[in-house]
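S.K.: Have a peek at run33.csv (CSV, C-alpha atoms and all ligand atoms).
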chain,number,residue,atom,x,y,z
G,1023,MET,CA,-12.8,25.4,-1.3
G,1024,SER,CA,-15.6,22.9,-1.8
G,1025,TYR,CA,-17.2,21.0,1.1
G,1026,ILE,CA,-15.6,17.8,-0.3
G,1027,ASP,CA,-12.2,19.5,-0.3
G,1028,THR,CA,-12.5,20.5,3.3
G,1029,ILE,CA,-13.1,16.9,4.3
G,1030,PHE,CA,-10.9,14.8,1.8
G,1031,GLY,CA,-8.4,17.5,0.6
G,1032,LEU,CA,-4.7,16.8,1.3
G,1033,THR,CA,-3.4,20.3,0.6
G,1034,GLY,CA,-0.2,21.0,2.5
G,1035,LYS,CA,0.4,17.3,3.3
G,1036,VAL,CA,3.5,15.3,2.4
G,1037,ALA,CA,2.5,11.8,1.3
G,1038,ILE,CA,4.9,8.8,0.8
G,1039,VAL,CA,3.8,6.1,-1.6
G,1040,THR,CA,6.1,3.0,-1.6
G,1041,GLY,CA,6.0,1.1,-4.9
G,1042,GLY,CA,4.4,4.1,-6.6
G,1043,GLY,CA,6.2,3.6,-9.9
G,1044,ARG,CA,3.5,1.4,-11.4
G,1045,GLY,CA,0.3,-0.4,-10.6
G,1046,ILE,CA,-1.9,0.5,-7.6
G,1047,GLY,CA,0.8,2.7,-6.1
G,1048,GLN,CA,0.9,4.8,-9.3
G,1049,VAL,CA,-2.8,5.4,-9.3
G,1050,ILE,CA,-3.0,6.2,-5.6
G,1051,ALA,CA,0.0,8.6,-5.9
G,1052,ARG,CA,-1.9,10.4,-8.7
G,1053,GLY,CA,-5.0,10.5,-6.5
G,1054,PHE,CA,-3.1,11.9,-3.5
G,1055,ALA,CA,-1.4,14.5,-5.7
G,1056,LYS,CA,-4.8,15.5,-7.3
G,1057,ALA,CA,-6.1,16.0,-3.7
G,1058,GLY,CA,-3.3,18.4,-3.1
G,1059,ALA,CA,-0.5,16.4,-1.4
G,1060,GLU,CA,3.1,16.6,-2.3
G,1061,VAL,CA,3.9,13.0,-3.2
G,1062,VAL,CA,7.2,11.2,-2.6
G,1063,ILE,CA,7.6,7.8,-4.5
G,1064,LEU,CA,9.9,5.2,-2.9
G,1065,SER,CA,10.8,2.1,-5.0
G,1066,ARG,CA,13.9,0.5,-6.4
G,1067,SER,CA,13.6,0.9,-10.2
G,1068,GLY,CA,12.4,4.5,-10.9
G,1069,ALA,CA,9.0,6.2,-11.2
G,1070,ASP,CA,9.4,8.4,-14.3
G,1071,GLU,CA,6.0,7.6,-15.7
G,1072,THR,CA,4.3,8.4,-12.4
G,1073,LEU,CA,6.2,11.7,-12.0
G,1074,GLU,CA,5.3,12.7,-15.6
G,1075,LEU,CA,1.6,11.9,-15.1
G,1076,ILE,CA,1.4,13.9,-11.8
G,1077,LYS,CA,3.2,16.8,-13.5
G,1078,LYS,CA,0.7,16.7,-16.3
G,1079,ASP,CA,-2.1,16.7,-13.7
G,1080,GLY,CA,-0.5,19.9,-12.2
G,1081,GLY,CA,0.6,18.1,-9.0
G,1082,LYS,CA,3.8,17.9,-7.1
G,1083,ALA,CA,5.9,14.7,-6.7
G,1084,TYR,CA,9.5,13.4,-6.6
G,1085,TYR,CA,11.2,10.1,-6.4
G,1086,ILE,CA,13.8,8.6,-4.1
G,1087,ALA,CA,15.4,5.2,-4.9
G,1088,THR,CA,14.7,3.0,-1.9
G,1089,ASP,CA,14.6,-0.6,-1.0
G,1090,VAL,CA,11.9,-1.0,1.7
G,1091,THR,CA,13.6,-4.2,3.0
G,1092,LYS,CA,16.8,-2.2,3.9
G,1093,GLU,CA,16.6,0.0,7.1
G,1094,GLU,CA,19.5,2.2,6.0
G,1095,SER,CA,17.9,2.8,2.6
G,1096,VAL,CA,14.5,3.8,4.3
G,1097,ASP,CA,16.2,6.0,6.9
G,1098,ALA,CA,18.2,7.8,4.2
G,1099,ALA,CA,14.9,8.4,2.2
G,1100,MET,CA,13.1,9.7,5.3
G,1101,ALA,CA,16.0,12.1,6.0
G,1102,GLU,CA,15.9,13.4,2.4
G,1103,ILE,CA,12.1,13.9,2.6
G,1104,LEU,CA,12.5,15.9,5.8
G,1105,LYS,CA,15.2,18.1,4.2
G,1106,ARG,CA,13.2,18.6,1.0
G,1107,SER,CA,9.6,18.8,2.2
G,1108,GLY,CA,9.9,19.4,6.0
G,1109,SER,CA,7.3,16.8,7.1
G,1110,ILE,CA,5.9,13.3,6.6
G,1111,ASP,CA,2.1,13.3,7.1
G,1112,ILE,CA,0.8,10.3,5.2
G,1113,VAL,CA,2.5,7.0,4.4
G,1114,PHE,CA,1.0,4.5,1.9
G,1115,ASN,CA,3.0,1.3,2.6
G,1116,ASN,CA,2.1,-0.3,-0.8
G,1117,ALA,CA,5.3,-2.1,-2.1
G,1118,GLY,CA,4.7,-5.8,-2.3
G,1119,ILE,CA,5.4,-9.0,-4.2
G,1120,CYS,CA,3.6,-12.3,-4.7
G,1121,LYS,CA,4.9,-15.7,-5.7
G,1122,HIS,CA,2.5,-18.4,-7.0
G,1123,GLN,CA,4.0,-21.6,-5.7
G,1124,THR,CA,3.0,-24.6,-3.8
G,1125,THR,CA,4.5,-24.8,-0.4
G,1126,LEU,CA,6.7,-27.7,-1.4
G,1127,GLU,CA,7.9,-26.0,-4.6
G,1128,ALA,CA,8.8,-22.8,-2.7
G,1129,SER,CA,12.1,-22.6,-1.0
G,1130,ILE,CA,12.5,-21.2,2.4
G,1131,ALA,CA,14.4,-18.3,0.7
G,1132,ASP,CA,11.2,-17.7,-1.4
G,1133,PHE,CA,9.1,-17.5,1.7
G,1134,ARG,CA,11.6,-15.2,3.4
G,1135,GLU,CA,11.7,-12.9,0.4
G,1136,VAL,CA,7.9,-12.4,0.3
G,1137,VAL,CA,7.7,-11.8,4.0
G,1138,ASP,CA,10.7,-9.5,3.9
G,1139,VAL,CA,9.1,-7.2,1.4
G,1140,ASN,CA,5.4,-7.4,2.3
G,1141,LEU,CA,5.6,-7.5,6.1
G,1142,THR,CA,9.1,-6.5,7.3
G,1143,GLY,CA,9.4,-3.8,4.6
G,1144,GLU,CA,6.0,-2.3,5.7
G,1145,TYR,CA,7.2,-2.5,9.3
G,1146,ILE,CA,10.5,-0.8,8.5
G,1147,VAL,CA,8.8,2.0,6.7
G,1148,ALA,CA,6.0,2.4,9.3
G,1149,ARG,CA,8.5,2.4,12.2
G,1150,ALA,CA,10.8,5.0,10.5
G,1151,ALA,CA,7.9,7.3,9.7
G,1152,GLY,CA,6.2,6.7,13.1
G,1153,ARG,CA,9.4,7.7,14.9
G,1154,ILE,CA,9.5,11.0,12.9
G,1155,MET,CA,5.8,11.7,13.5
G,1156,ILE,CA,6.2,11.1,17.3
G,1157,GLU,CA,9.4,13.2,17.6
G,1158,ARG,CA,7.8,16.1,15.7
G,1159,GLY,CA,4.3,15.8,17.0
G,1160,ILE,CA,2.8,15.1,13.6
G,1161,LYS,CA,-0.7,13.6,13.7
G,1162,GLY,CA,-0.1,11.4,10.7
G,1163,SER,CA,-1.9,8.6,8.9
G,1164,ILE,CA,-0.2,5.4,7.9
G,1165,ILE,CA,-2.0,3.0,5.5
G,1166,ASN,CA,-0.6,-0.5,5.1
G,1167,MET,CA,-1.4,-2.5,2.0
G,1168,ALA,CA,-2.9,-5.8,3.0
G,1169,SER,CA,-5.1,-7.9,0.8
G,1170,MET,CA,-8.2,-10.0,0.9
G,1171,SER,CA,-5.6,-12.8,0.9
G,1172,GLY,CA,-4.9,-11.8,4.5
G,1173,GLY,CA,-8.4,-13.2,5.4
G,1174,ILE,CA,-9.1,-15.9,2.9
G,1175,VAL,CA,-7.1,-18.5,0.9
G,1176,ASN,CA,-7.1,-17.8,-2.8
G,1177,VAL,CA,-7.8,-20.6,-5.2
G,1178,PRO,CA,-6.8,-22.3,-7.4
G,1179,GLN,CA,-3.3,-20.8,-7.2
G,1180,TRP,CA,-1.3,-21.5,-4.0
G,1181,GLN,CA,0.6,-18.6,-2.4
G,1182,CYS,CA,1.1,-19.5,1.2
G,1183,SER,CA,3.9,-16.9,1.8
G,1184,TYR,CA,1.8,-14.1,0.4
G,1185,ASN,CA,-1.4,-15.0,2.3
G,1186,ALA,CA,0.6,-15.3,5.6
G,1187,SER,CA,2.4,-12.0,5.0
G,1188,LYS,CA,-0.9,-10.1,4.3
G,1189,ALA,CA,-2.6,-11.6,7.4
G,1190,ALA,CA,0.3,-10.4,9.5
G,1191,VAL,CA,0.1,-6.9,7.9
G,1192,ILE,CA,-3.5,-6.7,9.2
G,1193,HIS,CA,-2.6,-7.5,12.7
G,1194,MET,CA,0.6,-5.4,12.6
G,1195,THR,CA,-1.7,-2.6,11.6
G,1196,ARG,CA,-3.9,-3.1,14.7
G,1197,SER,CA,-0.9,-3.4,16.9
G,1198,LEU,CA,0.6,-0.1,15.7
G,1199,ALA,CA,-2.8,1.6,15.8
G,1200,ALA,CA,-3.2,0.9,19.5
G,1201,GLU,CA,0.5,1.6,20.4
G,1202,TRP,CA,0.6,5.0,18.6
G,1203,ALA,CA,-3.0,6.2,19.3
G,1204,GLU,CA,-1.7,8.4,22.2
G,1205,HIS,CA,0.4,10.3,19.7
G,1206,GLY,CA,-2.5,11.0,17.4
G,1207,ILE,CA,-1.1,8.7,14.7
G,1208,ARG,CA,-3.7,6.6,12.9
G,1209,VAL,CA,-2.7,3.3,11.3
G,1210,ASN,CA,-5.1,1.4,9.0
G,1211,SER,CA,-4.9,-1.2,6.3
G,1212,ILE,CA,-6.6,-1.7,3.0
G,1213,SER,CA,-7.5,-5.1,1.6
G,1214,PRO,CA,-8.2,-5.2,-2.1
G,1215,GLY,CA,-9.5,-8.2,-3.9
G,1216,TYR,CA,-8.3,-8.9,-7.5
G,1217,ILE,CA,-7.3,-5.6,-9.0
G,1218,GLY,CA,-6.2,-5.2,-12.7
G,1219,THR,CA,-2.5,-4.1,-12.6
G,1220,PRO,CA,0.8,-5.2,-14.1
G,1221,MET,CA,1.2,-7.6,-11.2
G,1222,SER,CA,-2.1,-9.3,-12.3
G,1223,ALA,CA,-1.6,-8.7,-16.1
G,1224,ASP,CA,0.9,-11.7,-16.1
G,1225,THR,CA,-1.8,-13.9,-14.7
G,1226,PRO,CA,-2.7,-16.8,-17.0
G,1227,GLN,CA,-6.1,-16.7,-18.6
G,1228,GLU,CA,-7.1,-20.0,-17.0
G,1229,LEU,CA,-6.6,-18.5,-13.5
G,1230,ARG,CA,-8.7,-15.5,-14.4
G,1231,ASP,CA,-11.4,-17.8,-15.7
G,1232,ALA,CA,-11.3,-19.7,-12.4
G,1233,TRP,CA,-11.6,-16.5,-10.4
G,1234,MET,CA,-14.6,-14.9,-12.1
G,1235,PRO,CA,-17.3,-17.2,-10.7
G,1236,LEU,CA,-15.9,-16.6,-7.2
G,1237,ILE,CA,-16.3,-12.8,-7.4
G,1238,PRO,CA,-19.9,-11.9,-6.9
G,1239,MET,CA,-19.3,-8.8,-9.1
G,1240,HIS,CA,-17.8,-11.1,-11.8
G,1241,ARG,CA,-15.0,-8.7,-12.6
G,1242,MET,CA,-11.6,-7.5,-11.3
G,1243,GLY,CA,-11.5,-4.1,-9.6
G,1244,LYS,CA,-9.9,-1.1,-11.1
G,1245,PRO,CA,-7.0,0.6,-9.2
G,1246,GLU,CA,-9.0,3.9,-9.4
G,1247,GLU,CA,-11.7,2.3,-7.3
G,1248,LEU,CA,-9.2,2.3,-4.4
G,1249,ILE,CA,-8.7,6.1,-4.5
G,1250,PRO,CA,-11.8,7.0,-2.5
G,1251,PRO,CA,-11.2,4.7,0.4
G,1252,MET,CA,-7.5,5.7,0.4
G,1253,LEU,CA,-8.4,9.4,0.6
G,1254,TYR,CA,-10.8,8.6,3.4
G,1255,LEU,CA,-8.0,6.8,5.4
G,1256,ALA,CA,-5.5,9.5,4.6
G,1257,CYS,CA,-7.6,12.6,5.5
G,1258,ASP,CA,-7.7,14.3,8.9
G,1259,ALA,CA,-11.5,14.0,8.9
G,1260,ALA,CA,-11.1,10.2,9.5
G,1261,GLY,CA,-9.8,11.2,12.9
G,1262,TYR,CA,-11.5,8.3,14.8
G,1263,THR,CA,-10.7,5.6,12.3
G,1264,SER,CA,-7.6,3.6,13.3
G,1265,GLY,CA,-6.8,-0.1,13.4
G,1266,SER,CA,-9.3,-0.7,10.6
G,1267,ASP,CA,-9.0,-3.0,7.6
G,1268,VAL,CA,-11.0,-1.6,4.7
G,1269,VAL,CA,-11.9,-4.4,2.3
G,1270,VAL,CA,-12.5,-3.5,-1.3
G,1271,ASP,CA,-13.1,-6.8,-3.1
G,1272,GLY,CA,-16.3,-6.8,-5.1
G,1273,ALA,CA,-17.8,-8.9,-2.3
G,1274,TYR,CA,-15.4,-11.8,-2.8
G,1275,THR,CA,-14.9,-12.4,0.9
G,1276,CYS,CA,-18.7,-12.5,1.6
G,1277,LEU,CA,-19.0,-16.0,0.1
Q,1,LIG,P1,3.1,-4.2,-8.9
Q,1,LIG,O1,4.0,-5.4,-9.0
Q,1,LIG,O2,2.5,-3.5,-10.1
Q,1,LIG,O3,3.9,-3.1,-8.0
Q,1,LIG,C1,4.7,-3.4,-6.9
Q,1,LIG,C2,5.5,-2.2,-6.5
Q,1,LIG,O4,6.3,-2.6,-5.4
Q,1,LIG,C3,6.5,-1.8,-7.6
Q,1,LIG,O5,6.4,-0.4,-7.8
Q,1,LIG,C4,7.8,-2.3,-7.1
Q,1,LIG,O6,8.8,-1.3,-7.5
Q,1,LIG,C5,7.6,-2.1,-5.5
Q,1,LIG,N1,8.5,-2.9,-4.8
Q,1,LIG,C6,8.7,-4.3,-4.8
Q,1,LIG,N2,9.7,-4.6,-3.9
Q,1,LIG,C7,10.2,-3.5,-3.4
Q,1,LIG,C8,11.2,-3.2,-2.5
Q,1,LIG,N3,12.0,-4.2,-1.9
Q,1,LIG,N4,11.5,-1.9,-2.2
Q,1,LIG,C9,10.7,-0.9,-2.7
Q,1,LIG,N5,9.7,-1.1,-3.6
Q,1,LIG,C10,9.5,-2.4,-3.9
Q,1,LIG,O7,2.0,-4.6,-7.9
Q,1,LIG,P2,0.5,-4.1,-7.6
Q,1,LIG,O8,0.3,-2.6,-7.9
Q,1,LIG,O9,-0.5,-5.0,-8.2
Q,1,LIG,O10,0.4,-4.3,-6.0
Q,1,LIG,C11,0.7,-3.3,-5.1
Q,1,LIG,C12,0.4,-3.8,-3.7
Q,1,LIG,O11,-1.0,-4.1,-3.7
Q,1,LIG,C13,1.2,-5.0,-3.3
Q,1,LIG,O12,1.5,-4.9,-1.9
Q,1,LIG,C14,0.2,-6.1,-3.5
Q,1,LIG,O13,0.4,-7.2,-2.6
Q,1,LIG,C15,-1.1,-5.4,-3.1
Q,1,LIG,N6,-2.3,-6.0,-3.7
Q,1,LIG,C16,-2.5,-6.2,-5.1
Q,1,LIG,C17,-3.6,-6.7,-5.6
Q,1,LIG,C18,-3.8,-6.9,-7.0
Q,1,LIG,O14,-4.7,-7.6,-7.4
Q,1,LIG,N7,-3.0,-6.3,-7.9
Q,1,LIG,C19,-4.7,-7.2,-4.7
Q,1,LIG,C20,-4.4,-7.0,-3.3
Q,1,LIG,C21,-3.3,-6.4,-2.8
Q,1,LIG,P3,10.4,-1.8,-7.8
Q,1,LIG,O15,10.3,-3.2,-8.3
Q,1,LIG,O16,10.8,-0.7,-8.7
Q,1,LIG,O17,11.1,-1.7,-6.5
Now that the file is in, can you turn its structure into structure tokens?
Ligand code: NDP

M.R.:
Amino acid sequence: MSYIDTIFGLTGKVAIVTGGGRGIGQVIARGFAKAGAEVVILSRSGADETLELIKKDGGKAYYIATDVTKEESVDAAMAEILKRSGSIDIVFNNAGICKHQTTLEASIADFREVVDVNLTGEYIVARAAGRIMIERGIKGSIINMASMSGGIVNVPQWQCSYNASKAAVIHMTRSLAAEWAEHGIRVNSISPGYIGTPMSADTPQELRDAWMPLIPMHRMGKPEELIPPMLYLACDAAGYTSGSDVVVDGAYTCL
């Protein structure tokens, strides 16, 4: 085993990736599997492409249809994982949605939907996994998907519900990190800037043109550029890192 593998390797770990059927979740699921973890994808509409890619890479993965906003659905998924894999060591709470709307255009139902998936969904998954880790003495790692939008207000598009949900994810992360530290469970968040994925592929060109001067690196990030910080947060060698928010944004939030 190489020196790097002894630090960042995930062999023998069971890693959940919510929203791993496409986008950032798919890339991180592949990264975790390449590092040796058995990966379990949770989302609503399938993950055939991700499973196929991981199989081609020689990794192990399976899919369980799950809605992260529904406690019963998440509990059933956790029970199935324990039955099939015997443990839950790493959770990447990645599933999320964004609505570009002004506050007066958005309905209260729109606001609730975004908060329900991005914040309450992450809470439901973290809580269910944390309970299992505590009961079984698993010194696990939970990584919550936040965003630079949790610390800044994006322009020119308005997305109040999204920004508020991601700011709350960062502080929920700190709260869980402190509460579960005595159990050896680490809880961190990651805050990407603009990353090229299907979520952002629908973005109109005039928005992209408006963003570029605001990003000191003048480009969007690649989902693959999130793999190294994710491996760091997931691995046991990061034993003293908890409650952190790792920002990966091409220096956007420096301005
Ligand atoms: P995508 O839209 O490509 O993927 C979102 C994933 O979330 C899908 O797999 C979707 O699967 C899943 N999902 C949505 N709702 C639910 C639900 N209720 N239950 C289970 N799964 C659900 O988005 P990205 O890959 O771009 O984004 C992933 C995460 O990264 C999000 O949290 C996003 O906020 C965050 N992020 C993205 C950035 C970007 O620039 N792309 C920047 C910063 C943060 P399905 O619909 O099948 O359920």

S.K.: So, with all atoms listed in the file as the atoms that count, which of G:Cys1276, G:Val1061, G:Ala1087, G:Cys1257 lies closest to ligand LIG 1 (chain Q)?

M.R.: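 Closest to ligand LIG 1 (chain Q), using all atoms listed in the file: G:Ala1087.
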
S.K.: Using all atoms listed in the file, find the one residue out of G:Asn1176, G:Thr1125, G:Asn1116, G:Thr1033 that sits nearest to ligand LIG 1 (chain Q).

M.R.: G:Asn1116

S.K.: Please, which residues have at least one atom within 6 Å of an atom of ligand LIG 1 (chain Q), using all atoms listed in the file, listed as a ChimeraX atom specification?

M.R.: /G:1040-1047,1065-1068,1088-1091,1116-1119,1139,1167-1169,1214-1222

S.K.: Write the residues you've just listed into a file as a PDB file, in the coordinates of the input, and include C-alpha atoms for each of them.

M.R.:
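Output file selection-v4.pdb is given in full below:
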ATOM      1  CA  THR G1040       6.100   3.000  -1.600  1.00  0.00           C
ATOM      2  CA  GLY G1041       6.000   1.100  -4.900  1.00  0.00           C
ATOM      3  CA  GLY G1042       4.400   4.100  -6.600  1.00  0.00           C
ATOM      4  CA  GLY G1043       6.200   3.600  -9.900  1.00  0.00           C
ATOM      5  CA  ARG G1044       3.500   1.400 -11.400  1.00  0.00           C
ATOM      6  CA  GLY G1045       0.300  -0.400 -10.600  1.00  0.00           C
ATOM      7  CA  ILE G1046      -1.900   0.500  -7.600  1.00  0.00           C
ATOM      8  CA  GLY G1047       0.800   2.700  -6.100  1.00  0.00           C
ATOM      9  CA  SER G1065      10.800   2.100  -5.000  1.00  0.00           C
ATOM     10  CA  ARG G1066      13.900   0.500  -6.400  1.00  0.00           C
ATOM     11  CA  SER G1067      13.600   0.900 -10.200  1.00  0.00           C
ATOM     12  CA  GLY G1068      12.400   4.500 -10.900  1.00  0.00           C
ATOM     13  CA  THR G1088      14.700   3.000  -1.900  1.00  0.00           C
ATOM     14  CA  ASP G1089      14.600  -0.600  -1.000  1.00  0.00           C
ATOM     15  CA  VAL G1090      11.900  -1.000   1.700  1.00  0.00           C
ATOM     16  CA  THR G1091      13.600  -4.200   3.000  1.00  0.00           C
ATOM     17  CA  ASN G1116       2.100  -0.300  -0.800  1.00  0.00           C
ATOM     18  CA  ALA G1117       5.300  -2.100  -2.100  1.00  0.00           C
ATOM     19  CA  GLY G1118       4.700  -5.800  -2.300  1.00  0.00           C
ATOM     20  CA  ILE G1119       5.400  -9.000  -4.200  1.00  0.00           C
ATOM     21  CA  VAL G1139       9.100  -7.200   1.400  1.00  0.00           C
ATOM     22  CA  MET G1167      -1.400  -2.500   2.000  1.00  0.00           C
ATOM     23  CA  ALA G1168      -2.900  -5.800   3.000  1.00  0.00           C
ATOM     24  CA  SER G1169      -5.100  -7.900   0.800  1.00  0.00           C
ATOM     25  CA  PRO G1214      -8.200  -5.200  -2.100  1.00  0.00           C
ATOM     26  CA  GLY G1215      -9.500  -8.200  -3.900  1.00  0.00           C
ATOM     27  CA  TYR G1216      -8.300  -8.900  -7.500  1.00  0.00           C
ATOM     28  CA  ILE G1217      -7.300  -5.600  -9.000  1.00  0.00           C
ATOM     29  CA  GLY G1218      -6.200  -5.200 -12.700  1.00  0.00           C
ATOM     30  CA  THR G1219      -2.500  -4.100 -12.600  1.00  0.00           C
ATOM     31  CA  PRO G1220       0.800  -5.200 -14.100  1.00  0.00           C
ATOM     32  CA  MET G1221       1.200  -7.600 -11.200  1.00  0.00           C
ATOM     33  CA  SER G1222      -2.100  -9.300 -12.300  1.00  0.00           C
TER      34      SER G1222
END

S.K.: Which value, in Å to one decimal, gives the distance between atom CA of Ala1232 of chain G and atom CA of Asn1140 of chain G?

M.R.: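 Answer for the atom CA of Ala1232 of chain G to atom CA of Asn1140 of chain G separation: 25.4 Å.
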
S.K.: Closest to Val1113 of chain G among G:Ala1059, G:Ala1189, G:Ala1128, G:Met1023, using all atoms listed in the file?

M.R.: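 For Val1113 of chain G, the nearest of the given residues is G:Ala1059.
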
S.K.: Can you give me N, CA and C atoms for segment 1219-1243 of chain G, written as a PDB file, keeping the file's coordinate frame?

M.R.:
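To be explicit, this is the file written out as selection.pdb:
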ATOM      1  N   THR G1219      -3.779  -4.830 -12.599  1.00  0.00           N
ATOM      2  CA  THR G1219      -2.500  -4.100 -12.600  1.00  0.00           C
ATOM      3  C   THR G1219      -1.461  -4.897 -13.319  1.00  0.00           C
ATOM      4  N   PRO G1220      -0.242  -4.333 -13.523  1.00  0.00           N
ATOM      5  CA  PRO G1220       0.800  -5.200 -14.100  1.00  0.00           C
ATOM      6  C   PRO G1220       1.057  -6.447 -13.355  1.00  0.00           C
ATOM      7  N   MET G1221       0.954  -6.416 -11.998  1.00  0.00           N
ATOM      8  CA  MET G1221       1.200  -7.600 -11.200  1.00  0.00           C
ATOM      9  C   MET G1221       0.179  -8.719 -11.659  1.00  0.00           C
ATOM     10  N   SER G1222      -1.062  -8.320 -11.923  1.00  0.00           N
ATOM     11  CA  SER G1222      -2.100  -9.300 -12.300  1.00  0.00           C
ATOM     12  C   SER G1222      -2.159  -9.518 -13.801  1.00  0.00           C
ATOM     13  N   ALA G1223      -1.520  -8.598 -14.614  1.00  0.00           N
ATOM     14  CA  ALA G1223      -1.600  -8.700 -16.100  1.00  0.00           C
ATOM     15  C   ALA G1223      -0.873 -10.013 -16.538  1.00  0.00           C
ATOM     16  N   ASP G1224       0.134 -10.432 -15.765  1.00  0.00           N
ATOM     17  CA  ASP G1224       0.900 -11.700 -16.100  1.00  0.00           C
ATOM     18  C   ASP G1224       0.060 -12.913 -15.788  1.00  0.00           C
ATOM     19  N   THR G1225      -1.070 -12.738 -15.148  1.00  0.00           N
ATOM     20  CA  THR G1225      -1.800 -13.900 -14.700  1.00  0.00           C
ATOM     21  C   THR G1225      -2.393 -14.678 -15.872  1.00  0.00           C
ATOM     22  N   PRO G1226      -2.137 -15.995 -15.937  1.00  0.00           N
ATOM     23  CA  PRO G1226      -2.700 -16.800 -17.000  1.00  0.00           C
ATOM     24  C   PRO G1226      -4.189 -16.740 -17.123  1.00  0.00           C
ATOM     25  N   GLN G1227      -4.693 -16.825 -18.356  1.00  0.00           N
ATOM     26  CA  GLN G1227      -6.100 -16.700 -18.600  1.00  0.00           C
ATOM     27  C   GLN G1227      -6.921 -17.768 -17.797  1.00  0.00           C
ATOM     28  N   GLU G1228      -6.335 -18.995 -17.671  1.00  0.00           N
ATOM     29  CA  GLU G1228      -7.100 -20.000 -17.000  1.00  0.00           C
ATOM     30  C   GLU G1228      -7.324 -19.676 -15.497  1.00  0.00           C
ATOM     31  N   LEU G1229      -6.377 -18.915 -14.926  1.00  0.00           N
ATOM     32  CA  LEU G1229      -6.600 -18.500 -13.500  1.00  0.00           C
ATOM     33  C   LEU G1229      -7.698 -17.453 -13.452  1.00  0.00           C
ATOM     34  N   ARG G1230      -7.652 -16.479 -14.375  1.00  0.00           N
ATOM     35  CA  ARG G1230      -8.700 -15.500 -14.400  1.00  0.00           C
ATOM     36  C   ARG G1230     -10.085 -16.119 -14.553  1.00  0.00           C
ATOM     37  N   ASP G1231     -10.137 -17.113 -15.460  1.00  0.00           N
ATOM     38  CA  ASP G1231     -11.400 -17.800 -15.700  1.00  0.00           C
ATOM     39  C   ASP G1231     -11.887 -18.517 -14.431  1.00  0.00           C
ATOM     40  N   ALA G1232     -10.913 -19.010 -13.649  1.00  0.00           N
ATOM     41  CA  ALA G1232     -11.300 -19.700 -12.400  1.00  0.00           C
ATOM     42  C   ALA G1232     -11.768 -18.703 -11.350  1.00  0.00           C
ATOM     43  N   TRP G1233     -11.223 -17.476 -11.400  1.00  0.00           N
ATOM     44  CA  TRP G1233     -11.600 -16.500 -10.400  1.00  0.00           C
ATOM     45  C   TRP G1233     -12.995 -15.920 -10.547  1.00  0.00           C
ATOM     46  N   MET G1234     -13.376 -15.677 -11.821  1.00  0.00           N
ATOM     47  CA  MET G1234     -14.600 -14.900 -12.100  1.00  0.00           C
ATOM     48  C   MET G1234     -15.845 -15.402 -11.360  1.00  0.00           C
ATOM     49  N   PRO G1235     -16.112 -16.728 -11.392  1.00  0.00           N
ATOM     50  CA  PRO G1235     -17.300 -17.200 -10.700  1.00  0.00           C
ATOM     51  C   PRO G1235     -17.250 -16.979  -9.178  1.00  0.00           C
ATOM     52  N   LEU G1236     -16.030 -16.803  -8.659  1.00  0.00           N
ATOM     53  CA  LEU G1236     -15.900 -16.600  -7.200  1.00  0.00           C
ATOM     54  C   LEU G1236     -16.081 -15.196  -6.751  1.00  0.00           C
ATOM     55  N   ILE G1237     -16.096 -14.276  -7.734  1.00  0.00           N
ATOM     56  CA  ILE G1237     -16.300 -12.800  -7.400  1.00  0.00           C
ATOM     57  C   ILE G1237     -17.725 -12.487  -7.656  1.00  0.00           C
ATOM     58  N   PRO G1238     -18.492 -12.167  -6.608  1.00  0.00           N
ATOM     59  CA  PRO G1238     -19.900 -11.900  -6.900  1.00  0.00           C
ATOM     60  C   PRO G1238     -20.113 -10.773  -7.924  1.00  0.00           C
ATOM     61  N   MET G1239     -19.180  -9.828  -8.076  1.00  0.00           N
ATOM     62  CA  MET G1239     -19.300  -8.800  -9.100  1.00  0.00           C
ATOM     63  C   MET G1239     -18.825  -9.276 -10.493  1.00  0.00           C
ATOM     64  N   HIS G1240     -18.240 -10.481 -10.546  1.00  0.00           N
ATOM     65  CA  HIS G1240     -17.800 -11.100 -11.800  1.00  0.00           C
ATOM     66  C   HIS G1240     -16.821 -10.203 -12.610  1.00  0.00           C
ATOM     67  N   ARG G1241     -16.000  -9.432 -11.923  1.00  0.00           N
ATOM     68  CA  ARG G1241     -15.000  -8.700 -12.600  1.00  0.00           C
ATOM     69  C   ARG G1241     -13.860  -8.330 -11.619  1.00  0.00           C
ATOM     70  N   MET G1242     -12.681  -7.964 -12.183  1.00  0.00           N
ATOM     71  CA  MET G1242     -11.600  -7.500 -11.300  1.00  0.00           C
ATOM     72  C   MET G1242     -11.885  -6.010 -10.994  1.00  0.00           C
ATOM     73  N   GLY G1243     -11.319  -5.542  -9.888  1.00  0.00           N
ATOM     74  CA  GLY G1243     -11.500  -4.100  -9.600  1.00  0.00           C
ATOM     75  C   GLY G1243     -10.502  -3.280 -10.355  1.00  0.00           C
TER      76      GLY G1243
END
